[in-house]
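Structure first, then comments.
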Amino acid sequence: MADYVRNVWYMAAWEEEIVGDAMLGRTLLDEPWLMFRKADGGYAMMSDRCPHRLAPLHKGQRKDDTVGCPYHGLGFDASGVCVHNPFSDVIPPHARLPALPIVARYGGLWFWPGDAALADSDLIPDFSALDDPAPMVRGKTRFEANYEVITDNLMDLSHAEFIHVETFRTEGKIFAGRHSVTETQDGAIWSNWAMSNTRRPPWLEALPEDARLDEWLEMRWHAPSSMLLHIGFTLAGTPRDEAPIPSMINPHIITPETQSTSHYFFTRQPGGDSEALAHKVFEEEDRPMLEEIQRRMGDTDFWDWKPVILHVDAAAIRARRRLMKMRREESSGQDCAAA
Amino acid sequence: MADYVRNVWYMAAWEEEIVGDAMLGRTLLDEPWLMFRKADGGYAMMSDRCPHRLAPLHKGQRKDDTVGCPYHGLGFDASGVCVHNPFSDVIPPHARLPALPIVARYGGLWFWPGDAALADSDLIPDFSALDDPAPMVRGKTRFEANYEVITDNLMDLSHAEFIHVETFRTEGKIFAGRHSVTETQDGAIWSNWAMSNTRRPPWLEALPEDARLDEWLEMRWHAPSSMLLHIGFTLAGTPRDEAPIPSMINPHIITPETQSTSHYFFTRQPGGDSEALAHKVFEEEDRPMLEEIQRRMGDTDFWDWKPVILHVDAAAIRARRRLMKMRREESSGQDCAAA
Amino acid sequence: MADYVRNVWYMAAWEEEIVGDAMLGRTLLDEPWLMFRKADGGYAMMSDRCPHRLAPLHKGQRKDDTVGCPYHGLGFDASGVCVHNPFSDVIPPHARLPALPIVARYGGLWFWPGDAALADSDLIPDFSALDDPAPMVRGKTRFEANYEVITDNLMDLSHAEFIHVETFRTEGKIFAGRHSVTETQDGAIWSNWAMSNTRRPPWLEALPEDARLDEWLEMRWHAPSSMLLHIGFTLAGTPRDEAPIPSMINPHIITPETQSTSHYFFTRQPGGDSEALAHKVFEEEDRPMLEEIQRRMGDTDFWDWKPVILHVDAAAIRARRRLMKMRREESSGQDCAAA
């Protein structure tokens, strides 16, 4: 299995998953981690495995910014350093938990599993669209599939014509659209579909029945697998900034739990219909397909399957290659450091 | 784990398991396969893993003899060749699924996982007894046991005196019988019991109570593990062809799903009593024993356990040795081809 | 994974787990074993895997001291030697089951998985306290945790201040106590807490409310992981043998099922309250913690985690080092024997 890219921001949780003083334990990148909100409003993230007897610290007690182990009571501060030994005034000198930089932004908690000296929060991908005051429901699910398999799915939205054919009723529009892949200065890879002169969909009753539209469907990817989907339209032939209603923006942020399972963060409109739609799309359409693919892939690397590549895969393949390059650079960097 | 013998016919399914235009997905010899009935009445068998993104093709759509991938719509003809690309008129040149020869015979579908040039349908073992017009119910179960472990069970029917003692009431007849092993020109190995001058069983009310019988119990094996059981009797001292009622013939055809799990094809008499009996024999008597044995065997090869061999194992051992020889020949054949 | 120490007594079961003529099948030290009570009142222990076809013998039939295989009826005597072949008067010469010394003592059945010539029953740790006529209920549970992880838990009872804080209400007494570790001639390692001049607990209404006590809590360990807990008190400043009520004695005897799962033998007072308390302590408090630790440990050896060691771990560490030494000696002994 390929290693994880380390010097990059991953999303660990939505902010509201940490309720008050509670501690959140979550497996991320194959390791158990513990997160909590500090007295100063910031967040702490450290290993969820006590260095004494490997106990799960998130089941312990918080006292201010100190975490007490539920098993024998060693206390650790927000940087993971042991500051309390209930059996002695002497703190064991090597009792220190690995801790990671963690930053709250755009409603999510972002962590940096690599070299902490490089953890510049300006490198967190811009999800400021999520700060929109319009209330969206933030959701999370878990797929038994590798994060790059889920990225493949999202960077090639043509799959909507097949597995979401009932829910999204794209009715061939994506096929008829023009697909392009672009890269931007911020490190993003975009997988864009432009669909010109399309028929007004039935639900858009604000426009006359014979109105024609120019539509777009644009998925923005940042390493390792943090995506943002933009869906919009304007009257055919008119510029985007004259769109009659604002475009919809939906995050699809994937964080590896393990090499074969992933946390999946998304948002949806409030209301029962939207909840039902999200359930159908994520749980009944995407999940079974991606989990079947994961089982068929097994422990064999994606490239060793010598997969057939289509034009429409250009964006997904570019994201895979970017990660491969980052992994190669990180591993050769480590070799240099070791030499 | 030993490899599978490749140049031999295996049974994949009963014909009626493929209903109308439906596609059947089934794991056979560790790989996912897809089967369907073609417009011309024949059958097609190909990998159930799309060469594009590994999607399960059997969840897709049939259109005539073309299978459309449920994920992005690539279409494959009955020989596994990609014939449709929904995104372009260009068919990706390497988009081709492994496909296997498959033949319907005796109510079953038989496939040849080896060199297709050698797939002579005359080599399918003779199960014409199953074409008998008397209606039998065809059944299938799945055991979490290796196919050779199940073969051992069937080639040594003396186990009926123990684990089927309540259902078959053999009451020592098999012990008292004479066991012989023979091989025939068609490649079969026979494990035969002859029981002379036995008492009439209570259910055989058509014969006088003091009638004496000569009985036989004969299991015919063909590689890899396709068996046919013959049960018959005649009045003591009279020739077989004067038997008062025809002998019973039951297939026990085992096909590996994986090295530690197997598909088990059988038939039974119609009716609730027969259904209950088959359930008891297969599910409550054979299955727990064979699955326990599989767990106790673990990943250690059968021979590495240095098992005690009894005379009554002669047929089972001969079948095991035949498969070893076939595997050896196939693997040395591959070495030659590679040289 | 570290090997098991072989030349030592392990507890296999409570005597009453073998009811009448029944056979008990149990996985111990990664292998399936079969136990039964012989006609002479002694016990037999042998492999639960028939040397013929690996069948589970404990599902077979007992006839006097002979075990009949449920699959094909080979019979084995109490020493594991094949004495019956239902197919022939000839006994297969190599048909012999591994058999182990097994002794009933103190209500338990003790087995010796090493060199039988060294199996001196005087080496069984002294659990004669369990022979007390006062009726105690003997219990057994199963933890998905390694036996040394469970030993760590028991040799450092300070964990009671945390995970048993509600059930035992030690209220800091263990912290305030003096911990010492001693070794005795019988090979035991003791982990002892002495708590001086403590307040009378509320339930001890037989003593005046302002009575002061000297209490002790002493866990005795014998290899591999057979422990006996002594809990007692006396009026402050008076000698132990003047204790107003006898000290409580509870076995905690752990036997590996596999490297990551264990059998756990204990006793408790009769009655519903004691049953509920034992359930809470074992199943709701200790089990989840120890199983979480086992998951966090994974396949990595305990020492490779470079765990922080506290003073309070002295007894647990000494037990671990004793086992390491025993394993080293046994493996170098084998090397000598092989040379």
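Letters A, B, ... go to the chains of the structure tokens in the order shown; residues in each chain start at 1; ligands are counted from 1 in the same order.
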Provide as a ChimeraX atom specification the residues of chain B at most 12 Å from chain C, counting only C-alpha atoms. /B:148-150,152-153,156-165,172-179,285-286,288-298,300,302-313,316-317
Residues flagged strand (DSSP E) by DSSP in region 126-235 of chain B, as a ChimeraX atom specification: /B:137-143,178-183,189-199,212-222,226-235
Region 108-330 of chain A: residues DSSP assigns to helix (DSSP H, G or I), reported as number ranges by chain: A: 116-118, 121-123, 128-131, 147-155, 157-161, 165-168, 173-176, 240-242, 272-297, 302-305, 311-330
Counting only C-alpha atoms, figure out which residue out of B:Leu323, B:Ala206, B:Val137, B:Leu154 gets nearest to Pro270 (chain B).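 Residue with the minimum atom-to-atom distance to Pro270 (chain B): B:Val137.
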Quick one, how far is CA of Glu215 (chain B) from CA of Glu284 (chain B)? 26.6 Å
Region 125-133 of chain C environment, 12 Å, only C-alpha atoms, sequence neighbours closer than 5 positions dropped, as JSON, numbers by chain: {"C": [8, 9, 10, 11, 14, 104, 105, 106, 107, 108, 109, 110, 120, 138, 185, 186, 187, 188, 189, 220, 221, 222, 223, 224, 225, 226, 227, 228, 229, 230, 246, 247, 248, 249, 250, 251, 252, 253, 266, 267, 268]}
Which residues are close to Ala119 (chain C), i.e. within 8 Å by only C-alpha atoms, leaving aside same-chain residues fewer than 3 positions away? Reply as an NGL selection string. :C and (7-9 or 101 or 112 or 114-116 or 123)
Spatial neighbours of Asp64 (chain C), max dist 9 Å, only C-alpha atoms, sep filter under 4 positions, as an NGL selection string: :C and (21 or 38-39)
N, CA and C atoms of the current selection, written as an mmCIF file, in the first residue's frame:
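Below is the file result26.cif, written as the result:
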```cif
data_model
loop_
_atom_site.group_PDB
_atom_site.id
_atom_site.type_symbol
_atom_site.label_atom_id
_atom_site.label_comp_id
_atom_site.auth_asym_id
_atom_site.auth_seq_id
_atom_site.Cartn_x
_atom_site.Cartn_y
_atom_site.Cartn_z
ATOM 1 N N ASP C 21 -20.031 -37.560 31.991
ATOM 2 C CA ASP C 21 -19.214 -38.182 30.951
ATOM 3 C C ASP C 21 -18.884 -37.238 29.808
ATOM 4 N N LYS C 38 -11.947 -39.536 33.629
ATOM 5 C CA LYS C 38 -11.793 -40.974 33.403
ATOM 6 C C LYS C 38 -12.595 -41.775 34.445
ATOM 7 N N ALA C 39 -12.732 -43.063 34.154
ATOM 8 C CA ALA C 39 -13.471 -43.951 35.065
ATOM 9 C C ALA C 39 -12.828 -43.964 36.458
#
```
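Separating CA of Ile102 (chain B) from CA of Arg327 (chain B) is a distance of 21.6 Å.
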